[in-house]
>>> print(open('work.cif').read())   # mmCIF, C-alpha atoms
data_data
loop_
_atom_site.group_PDB
_atom_site.id
_atom_site.type_symbol
_atom_site.label_atom_id
_atom_site.label_comp_id
_atom_site.auth_asym_id
_atom_site.auth_seq_id
_atom_site.Cartn_x
_atom_site.Cartn_y
_atom_site.Cartn_z
ATOM 1 C CA MET A 870 -3.204 -1.770 -16.405
ATOM 2 C CA LYS A 871 -4.896 1.290 -14.985
ATOM 3 C CA VAL A 872 -3.443 2.825 -11.811
ATOM 4 C CA ASN A 873 -5.378 5.312 -9.689
ATOM 5 C CA PHE A 874 -4.581 7.008 -6.397
ATOM 6 C CA TYR A 875 -7.223 7.883 -3.815
ATOM 7 C CA LEU A 876 -7.460 9.262 -0.307
ATOM 8 C CA LYS A 877 -8.773 6.986 2.401
ATOM 9 C CA VAL A 878 -10.876 9.817 3.882
ATOM 10 C CA PRO A 879 -11.278 12.401 1.090
ATOM 11 C CA ASN A 880 -13.178 14.979 3.177
ATOM 12 C CA ALA A 881 -11.023 14.738 6.290
ATOM 13 C CA ASP A 882 -9.644 17.746 8.151
ATOM 14 C CA PHE A 883 -6.578 15.698 9.097
ATOM 15 C CA GLU A 884 -3.860 13.891 7.152
ATOM 16 C CA THR A 885 -5.278 10.802 5.517
ATOM 17 C CA SER A 886 -3.651 7.809 3.829
ATOM 18 C CA ILE A 887 -3.189 7.508 0.090
ATOM 19 C CA PHE A 888 -3.891 4.182 -1.533
ATOM 20 C CA CYS A 889 -3.388 2.824 -5.049
ATOM 21 C CA MET A 890 -6.023 0.957 -6.989
ATOM 22 C CA PHE A 891 -4.650 -1.243 -9.753
ATOM 23 C CA ARG A 892 -7.134 -2.486 -12.358
ATOM 24 C CA TYR A 893 -6.202 -5.115 -14.920
ATOM 25 C CA ASP A 894 -7.743 -8.211 -16.494
ATOM 26 C CA GLY A 895 -10.981 -7.689 -14.562
ATOM 27 C CA LYS A 896 -9.117 -7.521 -11.224
ATOM 28 C CA GLU A 897 -8.901 -4.724 -8.676
ATOM 29 C CA VAL A 898 -5.951 -4.652 -6.299
ATOM 30 C CA LYS A 899 -5.771 -2.089 -3.493
ATOM 31 C CA VAL A 900 -2.474 -1.212 -1.801
ATOM 32 C CA TYR A 901 -1.875 1.543 0.749
ATOM 33 C CA THR A 902 1.200 3.705 0.343
ATOM 34 C CA ASP A 903 3.215 4.926 3.300
ATOM 35 C CA LYS A 904 2.145 8.512 2.574
ATOM 36 C CA LYS A 905 -0.505 10.711 4.177
ATOM 37 C CA ILE A 906 -1.697 14.120 3.110
ATOM 38 C CA LEU A 907 -4.210 16.783 4.047
ATOM 39 C CA PRO A 908 -7.062 16.550 1.520
ATOM 40 C CA GLU A 909 -6.800 20.287 0.800
ATOM 41 C CA TYR A 910 -3.449 19.589 -0.935
ATOM 42 C CA TRP A 911 -4.817 16.703 -3.019
ATOM 43 C CA ASN A 912 -5.996 17.118 -6.607
ATOM 44 C CA LYS A 913 -8.745 14.504 -6.935
ATOM 45 C CA GLU A 914 -9.053 14.813 -10.710
ATOM 46 C CA GLN A 915 -5.324 14.469 -11.416
ATOM 47 C CA GLN A 916 -4.807 12.059 -8.505
ATOM 48 C CA LYS A 917 -1.718 13.817 -7.246
ATOM 49 C CA VAL A 918 -0.584 16.607 -4.943
ATOM 50 C CA ARG A 919 -1.568 20.140 -5.918
ATOM 51 C CA THR A 920 1.154 22.581 -6.868
ATOM 52 C CA THR A 921 1.133 25.049 -4.003
ATOM 53 C CA LYS A 922 3.624 26.959 -1.889
ATOM 54 C CA LYS A 923 1.944 25.466 1.183
ATOM 55 C CA PHE A 924 3.193 22.022 0.135
ATOM 56 C CA PRO A 925 6.733 22.621 -1.194
ATOM 57 C CA THR A 926 7.675 18.932 -1.463
ATOM 58 C CA ASN A 927 4.912 18.209 -3.984
ATOM 59 C CA PRO A 928 7.310 17.310 -6.856
ATOM 60 C CA GLU A 929 9.026 14.620 -4.767
ATOM 61 C CA PHE A 930 5.675 13.383 -3.482
ATOM 62 C CA ASN A 931 4.232 13.154 -6.998
ATOM 63 C CA ASN A 932 7.398 11.484 -8.293
ATOM 64 C CA TYR A 933 6.995 8.859 -5.595
ATOM 65 C CA LEU A 934 3.413 8.140 -6.688
ATOM 66 C CA LYS A 935 4.539 8.000 -10.313
ATOM 67 C CA SER A 936 7.275 5.516 -9.411
ATOM 68 C CA ILE A 937 4.655 3.215 -7.858
ATOM 69 C CA GLU A 938 2.562 3.450 -11.017
ATOM 70 C CA ASP A 939 5.610 2.763 -13.208
ATOM 71 C CA LEU A 940 6.614 -0.220 -11.082
ATOM 72 C CA ALA A 941 3.144 -1.770 -11.354
ATOM 73 C CA ILE A 942 3.088 -1.351 -15.127
ATOM 74 C CA GLN A 943 6.613 -2.751 -15.434
ATOM 75 C CA THR A 944 5.702 -5.714 -13.216
ATOM 76 C CA GLU A 945 2.754 -6.593 -15.439
ATOM 77 C CA TYR A 946 4.890 -6.170 -18.567
ATOM 78 C CA ASP A 947 7.644 -8.422 -17.148
ATOM 79 C CA TRP A 948 5.033 -11.054 -16.231
ATOM 80 C CA LYS A 949 3.650 -11.067 -19.772
ATOM 81 C CA GLN A 950 7.140 -11.260 -21.265
ATOM 82 C CA LYS A 951 8.010 -14.180 -19.005
ATOM 83 C CA HIS A 952 4.910 -16.080 -20.188
ATOM 84 C CA ARG A 953 4.799 -14.910 -23.815
ATOM 85 C CA ASN A 954 5.507 -18.404 -25.183
ATOM 86 C CA LEU A 955 2.362 -19.859 -23.659
ATOM 87 C CA LYS A 956 -0.740 -20.255 -25.768
ATOM 88 C CA GLU A 957 -2.632 -18.036 -23.333
ATOM 89 C CA ILE A 958 -0.781 -15.638 -21.036
ATOM 90 C CA PRO A 959 -2.033 -16.012 -17.453
ATOM 91 C CA SER A 960 -3.099 -12.897 -15.600
ATOM 92 C CA LEU A 961 -0.583 -11.418 -13.176
ATOM 93 C CA PRO A 962 -1.426 -12.896 -9.752
ATOM 94 C CA GLU A 963 -2.704 -10.240 -7.351
ATOM 95 C CA GLN A 964 -0.308 -11.331 -4.599
ATOM 96 C CA ILE A 965 2.734 -10.873 -6.829
ATOM 97 C CA LEU A 966 1.673 -7.312 -7.635
ATOM 98 C CA LYS A 967 0.902 -6.548 -3.966
ATOM 99 C CA ASP A 968 4.206 -7.996 -2.778
ATOM 100 C CA CYS A 969 6.162 -6.089 -5.409
ATOM 101 C CA ILE A 970 4.557 -2.757 -4.516
ATOM 102 C CA LYS A 971 4.743 -3.326 -0.748
ATOM 103 C CA ASN A 972 8.385 -4.332 -1.042
ATOM 104 C CA TYR A 973 9.113 -1.109 -2.899
ATOM 105 C CA ILE A 974 7.217 0.981 -0.358
ATOM 106 C CA ASN A 975 8.805 -0.709 2.657
ATOM 107 C CA ASN A 976 12.378 -0.939 1.396
ATOM 108 C CA THR A 977 12.938 2.270 -0.470
ATOM 109 C CA THR A 978 14.269 5.349 1.246
ATOM 110 C CA PRO A 979 13.461 8.849 -0.014
ATOM 111 C CA GLU A 980 17.120 9.237 -1.005
ATOM 112 C CA LYS A 981 17.013 6.119 -3.203
ATOM 113 C CA ARG A 982 13.728 7.252 -4.751
ATOM 114 C CA GLU A 983 15.250 10.649 -5.537
ATOM 115 C CA SER A 984 18.330 9.029 -7.044
ATOM 116 C CA ASN A 985 16.217 6.708 -9.229
ATOM 117 C CA THR A 986 14.070 9.604 -10.428
ATOM 118 C CA ILE A 987 17.080 11.685 -11.412
ATOM 119 C CA LYS A 988 18.383 8.841 -13.616
ATOM 120 C CA THR A 989 15.502 9.231 -16.058
ATOM 121 C CA PHE A 990 15.238 11.927 -18.729
ATOM 122 C CA TRP A 991 12.264 13.492 -16.959
ATOM 123 C CA GLY A 992 14.154 13.261 -13.678
ATOM 124 C CA TYR A 993 16.947 15.335 -15.164
ATOM 125 C CA TYR A 994 14.381 17.724 -16.614
ATOM 126 C CA GLU A 995 12.595 18.107 -13.255
ATOM 127 C CA ASN A 996 15.937 18.578 -11.513
ATOM 128 C CA LEU A 997 16.828 21.448 -13.856
ATOM 129 C CA LEU A 998 13.617 23.307 -13.056
#
>>> encode(input="work.cif", output="structure tokens")
Amino acid sequence: MKVNFYLKVPNADFETSIFCMFRYDGKEVKVYTDKKILPEYWNKEQQKVRTTKKFPTNPEFNNYLKSIEDLAIQTEYDWKQKHRNLKEIPSLPEQILKDCIKNYINNTTPEKRESNTIKTFWGYYENLL
């Protein structure tokens, strides 16, 4: 699975929505996050927030995007594990992926996201910096 993040209006002079594009098994699934950003703070090549003093919450913002990517990859992995005994593993249904991501976006508070990030090795590492 390939996960990319894009701005809805990349050349805007106002905050614009960020959406995810998931590509797998010949499918493309687009899901909007609940985040908006001024394009001047967005790194198009790296598909994340630039490191700048003007946007001090960039680590949390980027961790949030990474958690969406990780969730999508884990969802596909879990689907394949669940169906591994079949002769041919069916492709993850688009609606299952969308529902999983939307559920995460709609039901996760920033505090819970922060707590989940800190539980990982890299979360501890980021927290030390």
>>> closest_residue(input="work.cif", among="A:Tyr893, A:Ile965, A:Arg919, A:Phe883", to="Lys905 of chain A", atoms="only C-alpha atoms")
A:Phe883
>>> axis_aligned_box(input="work.cif", around="segment 961-966 of chain A", padding_each_side="6 Å", output="JSON")
{"center_x": 0.0, "center_y": -10.1, "center_z": -8.9, "size_x": 17.4, "size_y": 17.6, "size_z": 20.6}
>>> residues_around(input="work.cif", residues="Glu909 of chain A", least_positions_apart="4", cutoff="10 Å", atoms="all atoms listed in the file", output="PDB file with C-alpha atoms, in the coordinates of the input")
ATOM      1  CA  PRO A 879     -11.278  12.401   1.090  1.00  0.00           C
ATOM      2  CA  ASN A 880     -13.178  14.979   3.177  1.00  0.00           C
ATOM      3  CA  ALA A 881     -11.023  14.738   6.290  1.00  0.00           C
ATOM      4  CA  ASP A 882      -9.644  17.746   8.151  1.00  0.00           C
ATOM      5  CA  PHE A 883      -6.578  15.698   9.097  1.00  0.00           C
ATOM      6  CA  GLU A 884      -3.860  13.891   7.152  1.00  0.00           C
ATOM      7  CA  LYS A 913      -8.745  14.504  -6.935  1.00  0.00           C
ATOM      8  CA  VAL A 918      -0.584  16.607  -4.943  1.00  0.00           C
ATOM      9  CA  ARG A 919      -1.568  20.140  -5.918  1.00  0.00           C
TER      10      ARG A 919
END
>>> closest_residue(input="work.cif", among="A:Pro908, A:Pro962, A:Pro928, A:Gly895", to="Leu876 of chain A", atoms="all atoms listed in the file")
A:Pro908
>>> atom_distance(input="work.cif", atom1="atom CA of Lys904 of chain A", atom2="atom CA of Trp948 of chain A")
27.3 Å
>>> atom_distance(input="work.cif", atom1="atom CA of Phe891 of chain A", atom2="atom CA of Leu955 of chain A")
24.3 Å
>>> resolve_selection(input="work.cif", expression="the PyMOL selection byres ((chain A and resi 873) around 9)", output="list in words")
Lys871, Val872, Phe874, Tyr875, Phe888, Cys889, Met890, Phe891, Arg892, Gln916 and Glu938 of chain A
>>> resolve_selection(input="work.cif", expression="the PyMOL selection byres ((chain A and resi 969-974) around 9)", output="VMD selection string")
chain A and resid 900 to 903 937 940 to 941 944 964 to 968 975 to 978
>>> atom_distance(input="work.cif", atom1="atom CA of Ile942 of chain A", atom2="atom CA of Glu957 of chain A")
19.5 Å
>>> closest_residue(input="work.cif", among="A:Thr921, A:Trp911, A:Pro959, A:Asn954", to="Asp894 of chain A", atoms="all atoms listed in the file")
A:Pro959
